[in-house]
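To keep things clear, I will list the structure first and then write my remarks on it.
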Amino acid sequence: MFVLVALLAPLLAPYDPNEGELGQRLKPPSAEHWLGTDALGRDILSRVIYGAQVSLQIQLVAVLIALVLGTLLGMFGGYYGGVTDNLIMRFMDILLAFPGIFLAIAIIAVLGPGLLNLMLAAGIYSVPQFARIVRGSILSLKEKEFVEAARAAGESDAAILFRYLLPNSMAPIIIQTTLRMATVLLTASGLSFLGLGVQPPRAEWGAMLSTARPYLITAPHVATFPGLAIMLVVMGFNLFGDGLRDSLDPRLKD
Amino acid sequence: MSALLLEVEGLTKHFAVTRGMAREKVFVRAVDGVDFAIARGETLGLVGESGCGKTTVGRLILRLIEPTGGAVRFDGRELTALDRKRLQPLRRSFQIIFQDPFASLNPRMTVSEIVGRPMEIHGLTRRAERDEKVGELLAAVGLRREQLARYPHEFSGGQRQRIGIARALATRPQLVVADEPTSALDVSVQAQILNLMKDLQGRFGLTYLFISHNIGVIRHISDRVAVMYLGKIVEMAGKGALFSKPLHPYTQALLAAVPSLDPRRRQEEVLLEGDVPSPVNPPPGCRFHTRCRFALPRCSREEPEFRPRADGRWVACHLY
């Protein structure tokens, strides 16, 4: 649903998200503007719809970065063990030791604000989650007899990793991916709210919240709707992740 | 080409484990100087209690784990000295059948991939002919050719073990290490698998190292039997000789523990007392002296040598 809205944004949005009518500033929800208008007279419904596009983009890219890096690091750490594993996992621990948003702010402080850097920051701070989950799964899988059988047959390490271990750890990876989507959206919105992420005038839910802050008392709808959108999508991904976990775990079936 | 396909000399594996708060490093002597040889076409049964190191011996021979010491010669070639690269092409000649048919097949691969991969790795088939060759193997192990596109979870335990056997045979090996291949199966299926293995031995000219704790199974399939206790082989002899007149006191106790179906047969009661000592600190002298009813004073001081007797049997005991 959320993905659909993001893809069809240009068709669904009744107004241009960045074009305001100054005469229509801070109007409450009405027939022409279903969710009202903001401080510059821009249609909030349109901005929320276009915001979905930006959010989706951030989520996909950031989670993809985390997924690829984290999975590779976790695989090598778990499979080879020893010094490799220690190096990788201690580095992950360093990343985990920072509170997520603080780490992301630090990364943006180095790279500078902007959409791309926001995606990088949100991605990097999600890497340890993937690395840990994949490593754990590899650690338990590599003791299985089918891996020994592969070794006895003369499979190379790379083949064992990608043909035997990775396909068998897909379930936790997929679940983590959907759950991370929610976290990344929250982080990205938070960073944009602080002015470190998406720059105006682009519609992004966190940035919209930020600009709505001064009018919280006089025009509460301006802040309410982007906030609601964030909440619904985060909840949606969490529920989706939980559902996916239940349906992928054979022990929970029936 | 020598008559002996596999020679094992002084094979040793000590696992390092850290113990307790002090992180004290100790060694578990899982396998501690094992010698035996298997002739081409023969089945050597390796029998012993759980934890005596018999599974480790199988893994060491295939270099699935690295030995601490000793030598493994396969067809006259020293395997323990080879690096991974030079070992890889030789792997096709020795394969393994595992105990647990549920853990030994990759759940994300089809039967065709599971059995076909070893052939592809060793360049024995092209993609186009793979299904054909896998189909032949499936037929040889008593499965249907049409089943090659299925996944392991669609099969029963016995069928899965047949797939495991087909995979082991895929590279046309000379030696197959069978690590308790029947102990995870129902009794009725056990017999089928054993008979299948016997049948395949003749058809493919296989040599087996058959590892089991089940004396009945060992008796059924082996030509010669080696008895292991606490990381060492204590007795090795032809099947007939070993079962009719066991020499080592441990073998005697082991055989006496097998229940007899004949109520009139009076069995000599040989009960072992106490537990198997820890492989971290094996007892000095003969490892079995703590539980042996014939123990002599010298058994606790001197370790008996494992050596051949005039009749060709090997035994490690001061009584002989």
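Please note that chains go A, B, ... in the order of the structure tokens, that every chain numbers its residues from 1, and that ligands are numbered from 1 in the order shown.
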Residues of chain A within 8 Å of chain B: nearest atom pair and distance (Å, one decimal) for each, counting only C-alpha atoms, sorted by chain and number, as JSON lines?
```
{"residue": "A:Lys144", "atom": "CA", "partner": "B:Ala103", "partner_atom": "CA", "distance": 6.0}
{"residue": "A:Glu145", "atom": "CA", "partner": "B:Ser104", "partner_atom": "CA", "distance": 4.4}
{"residue": "A:Phe146", "atom": "CA", "partner": "B:Ser104", "partner_atom": "CA", "distance": 3.9}
{"residue": "A:Val147", "atom": "CA", "partner": "B:Ser104", "partner_atom": "CA", "distance": 7.6}
{"residue": "A:Glu148", "atom": "CA", "partner": "B:Leu64", "partner_atom": "CA", "distance": 7.0}
{"residue": "A:Ala149", "atom": "CA", "partner": "B:Ser104", "partner_atom": "CA", "distance": 6.9}
{"residue": "A:Ala150", "atom": "CA", "partner": "B:Pro118", "partner_atom": "CA", "distance": 8.0}
{"residue": "A:Arg151", "atom": "CA", "partner": "B:Leu64", "partner_atom": "CA", "distance": 7.1}
{"residue": "A:Ala152", "atom": "CA", "partner": "B:Gln95", "partner_atom": "CA", "distance": 6.4}
{"residue": "A:Ala153", "atom": "CA", "partner": "B:Pro118", "partner_atom": "CA", "distance": 5.3}
{"residue": "A:Gly154", "atom": "CA", "partner": "B:Gln88", "partner_atom": "CA", "distance": 5.5}
{"residue": "A:Glu155", "atom": "CA", "partner": "B:Ile121", "partner_atom": "CA", "distance": 6.8}
{"residue": "A:Tyr164", "atom": "CA", "partner": "B:Asn106", "partner_atom": "CA", "distance": 6.7}
{"residue": "A:Pro167", "atom": "CA", "partner": "B:Arg108", "partner_atom": "CA", "distance": 6.7}
{"residue": "A:Asn168", "atom": "CA", "partner": "B:Arg108", "partner_atom": "CA", "distance": 6.7}
```
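Minimum atom-to-atom distance to Leu64 of chain A, evaluated using only C-alpha atoms, belongs to A:Gly123 out of A:Gly100, A:Gly123, A:Gly51, A:Pro113.
A straight line drawn from atom CA of Ala256 of chain B to atom CA of Thr290 of chain B is 18.6 Å long.
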- Item | Interatomic distance (Å, one decimal) between atom CA of Glu154 of chain B and atom CA of Phe240 of chain A |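 One can read the atom CA of Glu154 of chain B to atom CA of Phe240 of chain A distance as 28.7 Å.
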- Name the closest residue to Asp275 of chain B among the candidates B:Leu6, B:Leu230, B:Gly238, B:Arg29; distances are taken between atoms, counting only C-alpha atoms.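 When distances to Asp275 of chain B are compared using only C-alpha atoms, the smallest one comes from B:Leu230.
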- Using only C-alpha atoms, determine which residues lie at most 8 Å from Leu272 of chain B, disregarding the query and same-chain residues fewer than 5 positions distant; provide the list as a list in words. Ala253, Arg291 and Cys292 of chain B
- Message: Please identify the strand (DSSP E or B) residues within segment 69-249 of chain B (assignment by DSSP from backbone atoms) and present them as a PyMOL selection string.
- Response: chain B and resi 69-74+77-78+94-97+175-179+207-212+224-229+232-238
- Task: Among the residues of segment 9-249 of chain A, find those DSSP assigns to helix (DSSP H, G or I) from the backbone and print them as a count of residues only.
- Result: 183
With only C-alpha atoms as the counted atoms, please give the residues lying no more than 8 Å from Gly190 of chain A, apart from itself and same-chain residues fewer than 3 positions off, as a PDB file with N, CA and C atoms, in the first residue's frame.
```pdb
ATOM      1  N   ILE A 101      21.129   6.998  16.521  1.00  0.00           N
ATOM      2  CA  ILE A 101      20.985   8.293  15.875  1.00  0.00           C
ATOM      3  C   ILE A 101      22.249   9.129  16.067  1.00  0.00           C
ATOM      4  N   LEU A 186      12.510   5.784  10.744  1.00  0.00           N
ATOM      5  CA  LEU A 186      12.497   6.608  11.955  1.00  0.00           C
ATOM      6  C   LEU A 186      13.763   7.437  12.051  1.00  0.00           C
ATOM      7  N   THR A 187      14.915   6.786  11.834  1.00  0.00           N
ATOM      8  CA  THR A 187      16.181   7.504  11.910  1.00  0.00           C
ATOM      9  C   THR A 187      16.241   8.613  10.875  1.00  0.00           C
ATOM     10  N   PHE A 193      14.397  15.880  10.573  1.00  0.00           N
ATOM     11  CA  PHE A 193      13.795  16.789  11.541  1.00  0.00           C
ATOM     12  C   PHE A 193      14.847  17.712  12.117  1.00  0.00           C
ATOM     13  N   LEU A 194      16.028  17.170  12.343  1.00  0.00           N
ATOM     14  CA  LEU A 194      17.121  17.971  12.887  1.00  0.00           C
ATOM     15  C   LEU A 194      17.807  18.795  11.801  1.00  0.00           C
ATOM     16  N   GLY A 206       9.964  13.793   8.043  1.00  0.00           N
ATOM     17  CA  GLY A 206      10.678  14.338   9.194  1.00  0.00           C
ATOM     18  C   GLY A 206      10.904  15.834   9.029  1.00  0.00           C
TER      19      GLY A 206
END
```
- Item | Spatial neighbours of His14 of chain B, max dist 12 Å, only C-alpha atoms, sep filter under 6 positions, as a PyMOL selection string | chain B and resi 25-33+53+56-57+60+65-70+231+279-281
- Query: What lies within 8 Å of Gly58 of chain B using only C-alpha atoms, ignoring chain neighbours under 4 positions off, as number ranges by chain?
  - Reply: B: 54, 62, 177, 179, 209, 211
Would you write out those residues with N, CA, C and O atoms, as a PDB file, in the first residue's frame?
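Below you can see selection.pdb, which holds the result:
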```pdb
ATOM      1  N   LYS B  54      35.524 -42.902  17.682  1.00  0.00           N
ATOM      2  CA  LYS B  54      35.412 -43.593  16.389  1.00  0.00           C
ATOM      3  C   LYS B  54      34.970 -42.649  15.266  1.00  0.00           C
ATOM      4  O   LYS B  54      35.497 -42.723  14.165  1.00  0.00           O
ATOM      5  N   LEU B  62      39.310 -38.585   6.272  1.00  0.00           N
ATOM      6  CA  LEU B  62      38.872 -37.776   5.136  1.00  0.00           C
ATOM      7  C   LEU B  62      39.433 -36.356   5.191  1.00  0.00           C
ATOM      8  O   LEU B  62      39.093 -35.523   4.373  1.00  0.00           O
ATOM      9  N   VAL B 177      33.581 -44.021   3.936  1.00  0.00           N
ATOM     10  CA  VAL B 177      33.500 -44.068   5.385  1.00  0.00           C
ATOM     11  C   VAL B 177      32.030 -43.935   5.746  1.00  0.00           C
ATOM     12  O   VAL B 177      31.384 -42.962   5.386  1.00  0.00           O
ATOM     13  N   ASP B 179      29.602 -43.447   8.670  1.00  0.00           N
ATOM     14  CA  ASP B 179      29.614 -43.079  10.080  1.00  0.00           C
ATOM     15  C   ASP B 179      28.230 -43.312  10.679  1.00  0.00           C
ATOM     16  O   ASP B 179      27.360 -42.470  10.557  1.00  0.00           O
ATOM     17  N   LEU B 209      34.825 -48.366   5.512  1.00  0.00           N
ATOM     18  CA  LEU B 209      35.133 -48.271   6.936  1.00  0.00           C
ATOM     19  C   LEU B 209      33.795 -48.000   7.594  1.00  0.00           C
ATOM     20  O   LEU B 209      33.212 -46.930   7.413  1.00  0.00           O
ATOM     21  N   ILE B 211      31.536 -47.446  10.717  1.00  0.00           N
ATOM     22  CA  ILE B 211      31.639 -47.044  12.119  1.00  0.00           C
ATOM     23  C   ILE B 211      30.279 -47.214  12.773  1.00  0.00           C
ATOM     24  O   ILE B 211      29.275 -46.726  12.248  1.00  0.00           O
TER      25      ILE B 211
END
```
- Query: Which residue, A:Ala212, A:Val127, A:Ala158, A:Met119, has the smallest gap to Leu60 of chain A when you use only C-alpha atoms?
  - Reply: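 Result for the nearest residue to Leu60 of chain A: A:Met119.
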- Task: Can you pull out every residue within 8 Å of Cys299 of chain B, counting only C-alpha atoms, but drop anything in the same chain fewer than 6 positions away, and send it as a PyMOL selection string?
- Result: chain B and resi 285-286+289+318
- Record the distance separating atom CA of Gln174 of chain B and atom CA of Gly240 of chain B, expressed in Å with one decimal.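 A separation of 25.2 Å between them.
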